[in-house]
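Shown next: data-v2.cif, given as mmCIF, C-alpha atoms and all ligand atoms.
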data_protein
loop_
_atom_site.label_atom_id
_atom_site.label_comp_id
_atom_site.auth_asym_id
_atom_site.auth_seq_id
_atom_site.Cartn_x
_atom_site.Cartn_y
_atom_site.Cartn_z
CA MET A 1 137.72 130.21 94.10
CA VAL A 2 135.94 128.60 97.03
CA ILE A 3 138.14 126.28 99.01
CA CYS A 4 135.99 123.81 100.92
CA ALA A 5 138.47 123.36 103.78
CA VAL A 6 138.30 127.08 104.43
CA ILE A 7 134.54 127.31 104.51
CA ALA A 8 134.10 124.32 106.77
CA CYS A 9 134.91 126.59 109.69
CA ASP A 10 133.21 126.93 113.08
CA HIS A 11 130.80 129.42 111.64
CA PHE A 12 129.03 126.59 109.81
CA MET A 13 129.34 124.00 112.53
CA GLN A 14 125.83 123.99 113.94
CA LYS A 15 125.00 121.44 116.53
CA LEU A 16 123.54 118.41 114.82
CA PRO A 17 121.59 115.66 116.57
CA GLN A 18 124.10 113.13 117.87
CA ASN A 19 122.22 110.04 116.76
CA PHE A 20 121.66 111.39 113.22
CA ASN A 21 124.11 109.39 111.15
CA VAL A 22 123.84 110.51 107.53
CA GLU A 23 126.21 107.87 106.21
CA LYS A 24 124.11 105.15 107.84
CA ILE A 25 120.90 106.72 106.50
CA ARG A 26 122.36 106.87 102.98
CA ARG A 27 122.94 103.12 103.07
CA ASP A 28 119.14 102.70 103.36
CA PHE A 29 118.75 104.22 99.87
CA PRO A 30 120.05 101.85 97.17
CA ILE A 31 120.00 104.47 94.41
CA LEU A 32 122.37 106.72 96.35
CA GLN A 33 125.06 104.05 95.99
CA ARG A 34 125.08 104.17 92.20
CA LEU A 35 127.42 105.96 89.87
CA VAL A 36 126.14 108.41 87.25
CA ARG A 37 128.46 109.07 84.31
CA GLY A 38 131.18 107.30 86.25
CA LYS A 39 130.85 109.62 89.27
CA PRO A 40 129.03 109.11 92.57
CA LEU A 41 125.47 110.38 92.22
CA VAL A 42 124.90 113.75 93.92
CA TYR A 43 121.14 113.93 94.04
CA LEU A 44 119.97 117.49 94.73
CA ASP A 45 116.57 117.35 93.01
CA ASN A 46 114.49 116.32 95.99
CA ALA A 47 111.82 118.96 95.50
CA ALA A 48 110.96 117.28 92.18
CA THR A 49 110.92 113.81 93.69
CA SER A 50 112.71 112.08 96.54
CA GLN A 51 114.55 108.76 96.59
CA LYS A 52 113.08 105.69 98.29
CA PRO A 53 114.54 103.75 101.21
CA GLN A 54 114.87 99.96 101.04
CA ALA A 55 112.06 99.69 103.59
CA VAL A 56 109.62 101.24 101.10
CA LEU A 57 110.88 99.06 98.24
CA ASP A 58 110.50 96.00 100.50
CA ALA A 59 106.97 97.00 101.52
CA LEU A 60 105.95 97.28 97.84
CA ALA A 61 107.54 93.92 96.96
CA HIS A 62 106.00 92.24 100.02
CA TYR A 63 102.55 93.56 99.17
CA TYR A 64 102.71 92.14 95.63
CA GLU A 65 104.44 88.92 96.69
CA ALA A 66 102.19 88.08 99.64
CA GLU A 67 99.03 90.17 99.87
CA ASN A 68 97.93 91.30 96.42
CA ALA A 69 94.15 91.21 95.83
CA ASN A 70 91.44 93.80 95.37
CA VAL A 71 90.22 95.62 98.47
CA HIS A 72 86.83 95.93 100.19
CA ARG A 73 84.91 93.58 97.95
CA GLY A 74 86.26 90.10 98.63
CA VAL A 75 85.56 87.57 101.34
CA HIS A 76 88.68 85.53 100.63
CA TYR A 77 91.88 85.58 102.66
CA LEU A 78 93.99 87.71 100.32
CA SER A 79 91.29 90.32 99.82
CA GLU A 80 91.10 90.70 103.56
CA ALA A 81 94.90 90.96 103.77
CA ALA A 82 94.96 93.64 101.04
CA THR A 83 92.10 95.53 102.70
CA ASN A 84 93.91 95.43 106.04
CA ALA A 85 97.13 96.65 104.41
CA TYR A 86 95.30 99.49 102.64
CA GLU A 87 93.17 100.59 105.60
CA GLY A 88 96.10 100.13 107.98
CA SER A 89 98.04 102.56 105.78
CA ARG A 90 95.23 105.07 106.05
CA GLU A 91 95.49 104.91 109.84
CA ILE A 92 99.28 105.47 109.66
CA VAL A 93 98.67 108.57 107.52
CA ARG A 94 96.00 109.79 109.96
CA ARG A 95 98.39 109.45 112.89
CA HIS A 96 101.23 111.09 110.97
CA ILE A 97 99.30 114.31 110.34
CA ASN A 98 97.15 114.03 113.49
CA ALA A 99 93.79 114.03 111.69
CA ALA A 100 90.77 113.39 113.89
CA SER A 101 89.50 110.41 111.90
CA VAL A 102 90.40 108.09 109.03
CA LYS A 103 87.26 109.41 107.34
CA GLU A 104 89.30 112.55 106.67
CA ILE A 105 92.10 110.76 104.81
CA ILE A 106 91.44 110.38 101.10
CA PHE A 107 93.98 108.57 98.96
CA VAL A 108 94.56 110.38 95.67
CA ARG A 109 97.26 110.29 92.99
CA GLY A 110 99.15 113.22 94.46
CA THR A 111 98.91 116.87 95.45
CA THR A 112 97.62 117.83 92.02
CA GLU A 113 94.70 115.44 92.20
CA GLY A 114 93.96 116.45 95.80
CA ILE A 115 93.64 120.10 94.79
CA ASN A 116 91.57 119.24 91.71
CA LEU A 117 89.27 117.16 93.90
CA VAL A 118 88.57 120.16 96.13
CA ALA A 119 88.15 122.48 93.13
CA HIS A 120 85.65 120.07 91.65
CA SER A 121 83.74 118.85 94.68
CA TYR A 122 83.86 121.90 96.95
CA GLY A 123 84.15 124.50 94.21
CA ARG A 124 81.33 123.48 91.94
CA LYS A 125 78.98 123.21 94.88
CA HIS A 126 79.92 126.22 96.98
CA ILE A 127 81.39 128.82 94.60
CA LYS A 128 79.37 131.02 92.27
CA ALA A 129 79.67 134.15 90.12
CA GLY A 130 81.10 137.12 92.02
CA ASP A 131 82.76 134.96 94.69
CA GLU A 132 86.52 135.18 95.17
CA ILE A 133 89.26 132.58 95.57
CA VAL A 134 92.50 133.78 97.14
CA ILE A 135 95.83 132.18 96.21
CA SER A 136 99.37 133.59 96.41
CA ALA A 137 101.96 134.69 93.86
CA MET A 138 104.23 131.72 94.63
CA GLU A 139 101.80 128.90 93.88
CA HIS A 140 102.73 125.85 91.83
CA HIS A 141 100.67 125.58 88.64
CA SER A 142 98.77 122.77 90.40
CA ASN A 143 97.37 125.36 92.77
CA ILE A 144 96.59 127.95 90.10
CA VAL A 145 95.09 126.18 87.09
CA PRO A 146 92.31 124.23 88.88
CA TRP A 147 91.07 127.54 90.35
CA GLN A 148 91.28 129.30 86.99
CA LEU A 149 89.18 126.52 85.45
CA LEU A 150 86.69 126.86 88.28
CA CYS A 151 86.57 130.65 87.87
CA GLU A 152 85.95 130.30 84.12
CA GLU A 153 83.12 127.89 84.79
CA THR A 154 81.45 129.76 87.65
CA GLY A 155 82.28 133.44 87.05
CA ALA A 156 84.23 133.62 90.32
CA LYS A 157 87.41 135.74 90.55
CA LEU A 158 90.97 134.73 91.39
CA ARG A 159 92.79 137.10 93.78
CA VAL A 160 96.53 136.83 94.35
CA ILE A 161 98.55 137.67 97.49
CA PRO A 162 101.69 139.42 96.18
CA ILE A 163 105.24 138.64 97.35
CA ASN A 164 108.18 140.90 98.22
CA ASP A 165 111.70 140.67 96.75
CA ALA A 166 112.74 138.09 99.34
CA GLY A 167 109.85 135.85 98.26
CA GLU A 168 107.58 136.35 101.27
CA TRP A 169 103.88 137.14 101.29
CA ILE A 170 103.15 140.84 101.75
CA TRP A 171 100.98 140.37 104.79
CA GLU A 172 99.14 143.72 104.66
CA GLU A 173 98.04 142.85 101.11
CA ALA A 174 96.78 139.46 102.23
CA VAL A 175 94.74 141.12 104.95
CA LYS A 176 93.26 143.52 102.38
CA LEU A 177 92.44 140.74 99.91
CA LEU A 178 90.31 138.67 102.25
CA ASN A 179 86.76 139.89 102.48
CA ARG A 180 83.13 138.81 102.54
CA LYS A 181 83.33 137.69 98.90
CA THR A 182 86.17 135.24 99.63
CA LYS A 183 84.91 131.68 99.49
CA LEU A 184 88.20 129.80 99.62
CA VAL A 185 91.88 130.42 100.34
CA ALA A 186 94.29 127.99 98.64
CA VAL A 187 97.97 128.50 99.44
CA VAL A 188 101.28 126.71 99.46
CA HIS A 189 102.90 125.77 102.78
CA VAL A 190 106.47 125.71 101.42
CA SER A 191 107.33 127.16 98.00
CA ASN A 192 109.04 124.72 95.64
CA SER A 193 110.87 127.42 93.69
CA LEU A 194 111.75 129.87 96.49
CA GLY A 195 111.89 127.64 99.55
CA THR A 196 109.79 130.08 101.58
CA ILE A 197 107.95 128.61 104.56
CA ASN A 198 104.71 130.54 104.67
CA PRO A 199 102.91 131.65 107.85
CA ILE A 200 99.94 129.46 107.04
CA LYS A 201 98.70 129.16 110.61
CA LYS A 202 98.31 132.94 110.79
CA LEU A 203 96.54 133.04 107.40
CA ILE A 204 94.21 130.20 108.39
CA ALA A 205 93.24 132.09 111.56
CA LEU A 206 92.60 135.23 109.51
CA ALA A 207 90.46 133.37 106.96
CA HIS A 208 88.50 131.62 109.70
CA GLU A 209 87.55 134.98 111.23
CA LEU A 210 85.56 135.43 108.01
CA GLY A 211 84.34 131.82 107.98
CA VAL A 212 86.46 131.04 104.89
CA PRO A 213 87.95 127.53 104.51
CA VAL A 214 91.63 127.13 103.68
CA LEU A 215 93.32 124.54 101.49
CA VAL A 216 97.05 124.06 102.01
CA ASP A 217 99.35 122.65 99.32
CA GLY A 218 101.74 120.67 101.49
CA ALA A 219 103.75 118.98 98.72
CA GLN A 220 107.04 120.56 99.86
CA ALA A 221 106.29 120.74 103.56
CA LEU A 222 105.45 117.24 104.74
CA PRO A 223 108.83 115.73 103.69
CA HIS A 224 110.63 118.29 105.88
CA MET A 225 108.49 119.32 108.83
CA ARG A 226 105.87 118.04 111.22
CA VAL A 227 102.41 118.75 109.89
CA ASP A 228 99.62 118.67 112.46
CA VAL A 229 96.39 119.41 110.64
CA ARG A 230 94.47 119.93 113.86
CA GLU A 231 97.01 122.36 115.23
CA LEU A 232 97.06 124.26 111.93
CA ASP A 233 93.27 124.04 111.83
CA CYS A 234 93.43 123.88 107.99
CA ASP A 235 90.32 122.66 106.20
CA PHE A 236 92.16 120.75 103.47
CA TYR A 237 95.79 119.65 103.22
CA ALA A 238 97.21 117.91 100.14
CA PHE A 239 100.55 116.16 99.71
CA SER A 240 102.31 113.69 97.40
CA GLY A 241 103.85 110.36 98.40
CA HIS A 242 106.74 110.56 95.95
CA LYS A 243 108.14 113.75 97.46
CA ALA A 244 108.02 112.15 100.92
CA PHE A 245 110.19 109.09 100.13
CA GLY A 246 107.17 107.03 99.08
CA PRO A 247 106.03 105.76 95.66
CA THR A 248 104.79 107.81 92.73
CA GLY A 249 101.08 107.74 91.93
CA ILE A 250 99.87 108.05 95.52
CA GLY A 251 99.09 111.07 97.68
CA VAL A 252 96.71 112.26 100.32
CA LEU A 253 93.99 114.81 100.58
CA TYR A 254 93.10 115.56 104.18
CA GLY A 255 89.73 117.26 104.56
CA LYS A 256 87.78 118.17 107.66
CA GLU A 257 84.90 115.73 107.93
CA ALA A 258 82.37 118.57 108.16
CA TRP A 259 83.51 119.93 104.77
CA LEU A 260 83.85 116.54 103.07
CA GLU A 261 80.29 115.70 104.14
CA LYS A 262 79.05 118.82 102.34
CA MET A 263 80.91 118.17 99.08
CA ALA A 264 79.75 116.63 95.82
CA PRO A 265 81.38 113.35 94.70
CA TYR A 266 84.51 113.72 92.57
CA GLN A 267 84.50 110.73 90.21
CA GLY A 268 81.77 108.15 89.85
CA GLY A 269 82.39 104.41 89.84
CA GLY A 270 82.95 101.41 92.07
CA ASP A 271 83.54 101.74 95.82
CA MET A 272 82.15 105.28 96.04
CA ILE A 273 78.52 104.07 96.06
CA LYS A 274 76.19 102.38 98.52
CA SER A 275 73.60 101.36 95.97
CA VAL A 276 72.95 101.91 92.28
CA THR A 277 69.74 101.62 90.29
CA PHE A 278 69.04 103.20 86.93
CA GLU A 279 66.86 105.70 88.74
CA LYS A 280 69.18 106.70 91.57
CA THR A 281 72.59 106.19 93.14
CA THR A 282 73.30 106.64 96.83
CA PHE A 283 76.86 107.44 97.77
CA ASN A 284 79.16 105.67 100.17
CA ASP A 285 80.37 106.98 103.53
CA LEU A 286 83.61 108.88 103.94
CA PRO A 287 86.34 108.47 102.86
CA TYR A 288 85.25 105.95 100.19
CA ARG A 289 82.85 108.44 98.59
CA PHE A 290 85.91 110.17 97.13
CA GLU A 291 87.81 107.04 96.10
CA ALA A 292 86.11 105.73 92.96
CA GLY A 293 87.56 102.60 91.36
CA THR A 294 90.36 100.30 92.45
CA PRO A 295 92.81 102.43 94.42
CA ASP A 296 96.61 102.33 94.35
CA ILE A 297 96.78 99.80 97.18
CA ALA A 298 100.50 99.12 96.94
CA GLY A 299 101.13 102.86 96.72
CA ALA A 300 99.27 103.46 99.98
CA VAL A 301 101.27 100.68 101.65
CA GLY A 302 104.54 102.16 100.37
CA LEU A 303 103.55 105.66 101.46
CA ALA A 304 102.69 104.47 104.97
CA ARG A 305 106.09 102.79 105.22
CA ALA A 306 107.78 106.02 104.05
CA LEU A 307 105.97 108.03 106.73
CA GLU A 308 107.08 105.51 109.34
CA TYR A 309 110.64 105.87 108.06
CA ILE A 310 110.42 109.67 108.48
CA SER A 311 108.93 109.28 111.97
CA ASN A 312 111.73 106.94 113.00
CA LEU A 313 114.31 109.55 112.01
CA GLY A 314 112.26 112.28 113.70
CA TYR A 315 111.37 115.66 112.23
CA GLU A 316 113.53 117.53 114.75
CA ALA A 317 116.65 115.73 113.59
CA ILE A 318 115.63 116.11 109.93
CA ASP A 319 115.03 119.82 110.43
CA ALA A 320 118.37 120.40 112.17
CA HIS A 321 120.30 118.53 109.48
CA GLU A 322 118.49 120.14 106.56
CA HIS A 323 118.87 123.64 108.02
CA ASP A 324 122.56 123.02 108.38
CA LEU A 325 122.67 122.06 104.68
CA LEU A 326 120.56 125.07 103.70
CA ASN A 327 122.76 127.53 105.60
CA TYR A 328 125.94 125.93 104.32
CA ALA A 329 124.72 125.97 100.70
CA THR A 330 123.43 129.53 100.97
CA GLU A 331 126.67 130.87 102.36
CA THR A 332 129.02 128.93 100.09
CA LEU A 333 127.08 129.62 96.89
CA SER A 334 126.78 133.30 97.86
CA THR A 335 130.56 133.62 97.69
CA LEU A 336 130.38 133.07 93.90
CA LYS A 337 130.08 136.58 92.59
CA PRO A 338 127.92 136.36 89.46
CA LEU A 339 125.43 134.22 91.39
CA ARG A 340 122.12 135.67 92.59
CA LEU A 341 119.89 133.77 94.96
CA ILE A 342 116.18 133.80 94.13
CA GLY A 343 114.24 133.36 97.34
CA THR A 344 115.85 134.80 100.45
CA ALA A 345 112.97 134.60 102.89
CA LYS A 346 113.75 134.63 106.62
CA ASP A 347 111.96 131.33 107.08
CA LYS A 348 113.11 128.83 104.47
CA ALA A 349 113.13 125.11 103.84
CA SER A 350 115.93 123.31 102.03
CA VAL A 351 115.63 124.80 98.54
CA VAL A 352 118.29 127.02 96.97
CA SER A 353 117.32 128.65 93.67
CA PHE A 354 119.84 130.78 91.84
CA VAL A 355 120.70 132.47 88.57
CA LEU A 356 124.14 133.17 87.10
CA ASP A 357 124.57 136.41 85.16
CA GLY A 358 124.40 135.75 81.42
CA ILE A 359 124.24 131.94 81.72
CA HIS A 360 121.05 130.02 81.04
CA PRO A 361 120.09 127.59 83.85
CA HIS A 362 119.83 124.74 81.33
CA ASP A 363 123.56 125.10 80.63
CA VAL A 364 124.21 124.99 84.37
CA GLY A 365 122.17 121.79 84.76
CA THR A 366 123.78 120.13 81.76
CA ILE A 367 127.34 120.88 82.85
CA LEU A 368 126.64 119.71 86.43
CA ASP A 369 125.10 116.51 85.08
CA ARG A 370 128.43 115.57 83.50
CA ASP A 371 129.73 115.21 87.07
CA GLY A 372 126.75 113.17 88.24
CA ILE A 373 125.17 116.18 90.00
CA ALA A 374 121.39 116.30 89.60
CA ILE A 375 119.71 119.66 90.08
CA ARG A 376 116.57 121.04 88.42
CA THR A 377 116.54 123.91 85.97
CA GLY A 378 113.53 125.66 84.52
CA HIS A 379 110.46 127.46 85.86
CA HIS A 380 109.63 124.68 88.34
CA CYS A 381 105.93 124.87 87.39
CA THR A 382 105.82 128.35 88.91
CA GLN A 383 105.91 130.61 85.88
CA PRO A 384 104.34 133.56 87.75
CA VAL A 385 107.30 133.44 90.18
CA MET A 386 109.69 133.71 87.23
CA GLN A 387 107.66 136.66 85.92
CA ARG A 388 107.82 138.30 89.36
CA TYR A 389 111.64 138.21 89.24
CA ASP A 390 111.80 138.88 85.50
CA ILE A 391 113.85 135.76 84.76
CA PRO A 392 113.07 132.83 82.44
CA ALA A 393 114.21 130.13 84.83
CA THR A 394 116.41 129.28 87.80
CA SER A 395 118.81 126.53 88.78
CA ARG A 396 117.47 124.82 91.88
CA ALA A 397 119.25 122.56 94.34
CA SER A 398 116.90 120.99 96.87
CA PHE A 399 118.05 118.89 99.79
CA ALA A 400 116.75 115.94 101.75
CA PHE A 401 117.93 114.45 105.05
CA TYR A 402 120.29 112.08 103.18
CA ASN A 403 122.31 114.87 101.58
CA THR A 404 125.68 115.96 102.91
CA ARG A 405 127.94 118.99 103.06
CA ALA A 406 130.36 117.13 100.79
CA GLU A 407 127.63 117.07 98.14
CA ILE A 408 127.18 120.81 98.52
CA ASP A 409 130.93 121.20 98.09
CA ALA A 410 130.60 119.20 94.86
CA LEU A 411 127.79 121.51 93.74
CA VAL A 412 129.88 124.61 94.44
CA ARG A 413 132.86 123.14 92.55
CA GLY A 414 130.48 122.30 89.70
CA VAL A 415 129.14 125.86 89.53
CA GLU A 416 132.70 127.19 89.51
CA GLN A 417 133.35 124.90 86.57
CA VAL A 418 130.26 126.28 84.81
CA LEU A 419 131.56 129.82 85.32
CA LYS A 420 134.93 128.85 83.84
CA ILE A 421 133.43 127.08 80.82
CA MET A 422 130.87 129.75 80.07
CA ALA A 423 133.18 132.74 80.71
C1 LIG A 501 104.43 123.10 95.85
C2 LIG A 501 103.95 122.01 94.94
N1 LIG A 501 102.65 121.82 94.77
C3 LIG A 501 102.17 120.85 93.98
C4 LIG A 501 103.01 120.02 93.30
C5 LIG A 501 102.44 118.95 92.44
O1 LIG A 501 102.76 117.70 92.97
P1 LIG A 501 102.40 116.37 92.17
O2 LIG A 501 103.00 116.54 90.81
O3 LIG A 501 103.05 115.29 92.96
O4 LIG A 501 100.93 116.26 92.15
C6 LIG A 501 104.39 120.20 93.42
C7 LIG A 501 105.33 119.38 92.64
O5 LIG A 501 106.43 119.80 92.35
C8 LIG A 501 104.87 121.21 94.27
O6 LIG A 501 106.19 121.42 94.44
#
What does this structure look like when you write it as structure tokens?
Ligand SMILES: Cc1ncc(COP(=O)(O)O)c(C=O)c1O
Amino acid sequence: MVICAVIACDHFMQKLPQNFNVEKIRRDFPILQRLVRGKPLVYLDNAATSQKPQAVLDALAHYYEAENANVHRGVHYLSEAATNAYEGSREIVRRHINAASVKEIIFVRGTTEGINLVAHSYGRKHIKAGDEIVISAMEHHSNIVPWQLLCEETGAKLRVIPINDAGEWIWEEAVKLLNRKTKLVAVVHVSNSLGTINPIKKLIALAHELGVPVLVDGAQALPHMRVDVRELDCDFYAFSGHKAFGPTGIGVLYGKEAWLEKMAPYQGGGDMIKSVTFEKTTFNDLPYRFEAGTPDIAGAVGLARALEYISNLGYEAIDAHEHDLLNYATETLSTLKPLRLIGTAKDKASVVSFVLDGIHPHDVGTILDRDGIAIRTGHHCTQPVMQRYDIPATSRASFAFYNTRAEIDALVRGVEQVLKIMA
């Protein structure tokens, strides 16, 4: 039996930023105040989607109440206001990830669409039979299936960097896999099912020695750590707004201008053209060439506000708090004997995946839900990871900066309850 008072000893008391007031931060998130099944909500499913601060909800409401119109095409007041709101959001995203130009910021529906865009527009133009695309064994299905489709279409081959038992890339194998046939490397920055933070900067440098571009799936990284695309020197970086405290339905694909200029259009339609005749269409400049049709204007505005919210908290403070939660959760859950952690990399973000001997994760999730505790159970859209560990699924708790040690205590008590019920 884990007694929370006992485990809250000095050993766990890392130094947290003094001005980081979790209780105050939690008051910014209306949903965190609600009860679920009569109990205070304990939301530990942040890797699936994050909750939204009032500032983001206000930005969405304000946009629809005061600025709603279509962008780029109108001469009237509201169209200009909407265009300014949309393009202003693009500049906020650019600054947030330190891209060189707003031409490199393409608004998409999310990480999945960003990756599909590159598979379509880069892949179909630059990849042919016999070429190789390198991914890793811990990719989300979003960063596997688009490349499989491309390989089927072109005759290219998918190569996979294997992982060790801790859930880290086996570096020597990565080095061996990259060669003159490699035409693209597409890898995840932070694994959603294992929590591993991958050494992407090192892999990007290695790929660039061979002149190979690198796409990074940043869905689980941007909400937790500073991403500087110029420092990383990645060629593409995709992330989703909804995992970064912004709205659903909006995300970003960053692409180096030099690559975007050499890529085929993604979808055809309004806004992505300069001129259209029945004989010939000329395409618009970047970034509009990749944004066909009316975009999710309100989504972009909400995302920009979410990024500002993160910046105001500061990634250093977020990192310190989340690492404290990760260490606390790892150590307290590890004291439960039939529990096995899946994903024990040295460098981890705030994801704790585990299995309990003889108990299906769905039972764990269902029993925890009765106490208002939300975790995710299943394969987390990483079935090859499950195959690697020879398990059908895991239970996954994933933390954000608004979570607390008390919530982890509740999780541990909940798992103890599961063990009692299922014994
Ligand atoms: C690592 C990773 N990549 C890609 C995705 C897909 O993100 P979205 O569904 O927002 O496109 C997810 C979502 O869970 C993810 O965790």
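Note that the spacing between CA of Ile105 in chain A and CA of Phe399 in chain A amounts to 27.7 Å.
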Residues of chain A that approach ligand LIG 501 (chain A) to 9 Å or less, counting all atoms listed in the file: could you list each one with the shortest pair of atoms and its distance in Å to one decimal, rows by chain and increasing residue number, as JSON lines?
{"residue": "A:Ala47", "atom": "CA", "partner": "A:LIG501", "partner_atom": "O6", "distance": 6.2}
{"residue": "A:Ala48", "atom": "CA", "partner": "A:LIG501", "partner_atom": "O5", "distance": 5.2}
{"residue": "A:Thr49", "atom": "CA", "partner": "A:LIG501", "partner_atom": "O5", "distance": 7.6}
{"residue": "A:Arg109", "atom": "CA", "partner": "A:LIG501", "partner_atom": "O4", "distance": 7.1}
{"residue": "A:Gly110", "atom": "CA", "partner": "A:LIG501", "partner_atom": "O4", "distance": 4.2}
{"residue": "A:Thr111", "atom": "CA", "partner": "A:LIG501", "partner_atom": "O4", "distance": 3.9}
{"residue": "A:Thr112", "atom": "CA", "partner": "A:LIG501", "partner_atom": "O4", "distance": 3.7}
{"residue": "A:Glu113", "atom": "CA", "partner": "A:LIG501", "partner_atom": "O4", "distance": 6.3}
{"residue": "A:Gly114", "atom": "CA", "partner": "A:LIG501", "partner_atom": "O4", "distance": 7.9}
{"residue": "A:Ile115", "atom": "CA", "partner": "A:LIG501", "partner_atom": "C3", "distance": 8.6}
{"residue": "A:Met138", "atom": "CA", "partner": "A:LIG501", "partner_atom": "C1", "distance": 8.7}
{"residue": "A:Glu139", "atom": "CA", "partner": "A:LIG501", "partner_atom": "C1", "distance": 6.7}
{"residue": "A:His140", "atom": "CA", "partner": "A:LIG501", "partner_atom": "N1", "distance": 5.0}
{"residue": "A:His141", "atom": "CA", "partner": "A:LIG501", "partner_atom": "C3", "distance": 7.3}
{"residue": "A:Ser142", "atom": "CA", "partner": "A:LIG501", "partner_atom": "C3", "distance": 5.3}
{"residue": "A:Asn143", "atom": "CA", "partner": "A:LIG501", "partner_atom": "N1", "distance": 6.7}
{"residue": "A:Val188", "atom": "CA", "partner": "A:LIG501", "partner_atom": "C1", "distance": 6.0}
{"residue": "A:His189", "atom": "CA", "partner": "A:LIG501", "partner_atom": "C1", "distance": 7.6}
{"residue": "A:Val190", "atom": "CA", "partner": "A:LIG501", "partner_atom": "C1", "distance": 6.5}
{"residue": "A:Ser191", "atom": "CA", "partner": "A:LIG501", "partner_atom": "C1", "distance": 5.4}
{"residue": "A:Asn192", "atom": "CA", "partner": "A:LIG501", "partner_atom": "O6", "distance": 4.5}
{"residue": "A:Ser193", "atom": "CA", "partner": "A:LIG501", "partner_atom": "O6", "distance": 7.6}
{"residue": "A:Asp217", "atom": "CA", "partner": "A:LIG501", "partner_atom": "N1", "distance": 5.7}
{"residue": "A:Gly218", "atom": "CA", "partner": "A:LIG501", "partner_atom": "C1", "distance": 6.7}
{"residue": "A:Ala219", "atom": "CA", "partner": "A:LIG501", "partner_atom": "C2", "distance": 4.8}
{"residue": "A:Gln220", "atom": "CA", "partner": "A:LIG501", "partner_atom": "C1", "distance": 5.4}
{"residue": "A:Ala221", "atom": "CA", "partner": "A:LIG501", "partner_atom": "C1", "distance": 8.3}
{"residue": "A:Ala238", "atom": "CA", "partner": "A:LIG501", "partner_atom": "C3", "distance": 8.4}
{"residue": "A:Phe239", "atom": "CA", "partner": "A:LIG501", "partner_atom": "O3", "distance": 7.3}
{"residue": "A:Ser240", "atom": "CA", "partner": "A:LIG501", "partner_atom": "O3", "distance": 4.8}
{"residue": "A:Gly241", "atom": "CA", "partner": "A:LIG501", "partner_atom": "O3", "distance": 7.4}
{"residue": "A:His242", "atom": "CA", "partner": "A:LIG501", "partner_atom": "O3", "distance": 6.7}
{"residue": "A:Lys243", "atom": "CA", "partner": "A:LIG501", "partner_atom": "O3", "distance": 7.0}
{"residue": "A:Thr248", "atom": "CA", "partner": "A:LIG501", "partner_atom": "O3", "distance": 7.7}
{"residue": "A:Gly249", "atom": "CA", "partner": "A:LIG501", "partner_atom": "O3", "distance": 7.9}
{"residue": "A:Ile250", "atom": "CA", "partner": "A:LIG501", "partner_atom": "O3", "distance": 8.3}
{"residue": "A:Gly251", "atom": "CA", "partner": "A:LIG501", "partner_atom": "O3", "distance": 7.5}
{"residue": "A:His380", "atom": "CA", "partner": "A:LIG501", "partner_atom": "O5", "distance": 7.1}
{"residue": "A:Cys381", "atom": "CA", "partner": "A:LIG501", "partner_atom": "O5", "distance": 7.1}
{"residue": "A:Thr382", "atom": "CA", "partner": "A:LIG501", "partner_atom": "C1", "distance": 8.8}
Which residues come within 9 Å of range 133-136 of chain A, counting all atoms listed in the file, excluding same-chain residues fewer than 5 positions away, as a list in words?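 The neighbour list is Ile127, Asn143, Ile144, Trp147, Cys151, Ala156, Lys157, Leu158, Arg159, Val160, Ile161, Pro162, Ile163, Trp169, Ala174, Leu177, Leu178, Lys181, Thr182, Lys183, Leu184, Val185, Ala186, Val187 and Val188 of chain A.
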Can you work out which one of A:Asp271, A:Arg34, A:Lys202, A:Asn116 has the shortest atom-to-atom distance to Arg73 in chain A, counting only C-alpha atoms? A:Asp271
Please measure the separation of CA of Val75 in chain A and CA of Thr281 in chain A, giving the value in Å to one decimal. 24.1 Å
Excluding same-chain residues fewer than 5 positions from Ile391 in chain A, what lies within 12 Å of it counting only C-alpha atoms, as a PDB file with C-alpha atoms, keeping the file's coordinate frame?
ATOM      1  CA  ARG A 340     122.120 135.670  92.590  1.00  0.00           C
ATOM      2  CA  ILE A 342     116.180 133.800  94.130  1.00  0.00           C
ATOM      3  CA  SER A 353     117.320 128.650  93.670  1.00  0.00           C
ATOM      4  CA  PHE A 354     119.840 130.780  91.840  1.00  0.00           C
ATOM      5  CA  VAL A 355     120.700 132.470  88.570  1.00  0.00           C
ATOM      6  CA  LEU A 356     124.140 133.170  87.100  1.00  0.00           C
ATOM      7  CA  ASP A 357     124.570 136.410  85.160  1.00  0.00           C
ATOM      8  CA  GLY A 358     124.400 135.750  81.420  1.00  0.00           C
ATOM      9  CA  ILE A 359     124.240 131.940  81.720  1.00  0.00           C
ATOM     10  CA  HIS A 360     121.050 130.020  81.040  1.00  0.00           C
ATOM     11  CA  PRO A 361     120.090 127.590  83.850  1.00  0.00           C
ATOM     12  CA  GLY A 378     113.530 125.660  84.520  1.00  0.00           C
ATOM     13  CA  HIS A 379     110.460 127.460  85.860  1.00  0.00           C
ATOM     14  CA  THR A 382     105.820 128.350  88.910  1.00  0.00           C
ATOM     15  CA  GLN A 383     105.910 130.610  85.880  1.00  0.00           C
ATOM     16  CA  PRO A 384     104.340 133.560  87.750  1.00  0.00           C
ATOM     17  CA  VAL A 385     107.300 133.440  90.180  1.00  0.00           C
ATOM     18  CA  MET A 386     109.690 133.710  87.230  1.00  0.00           C
TER      19      MET A 386
END
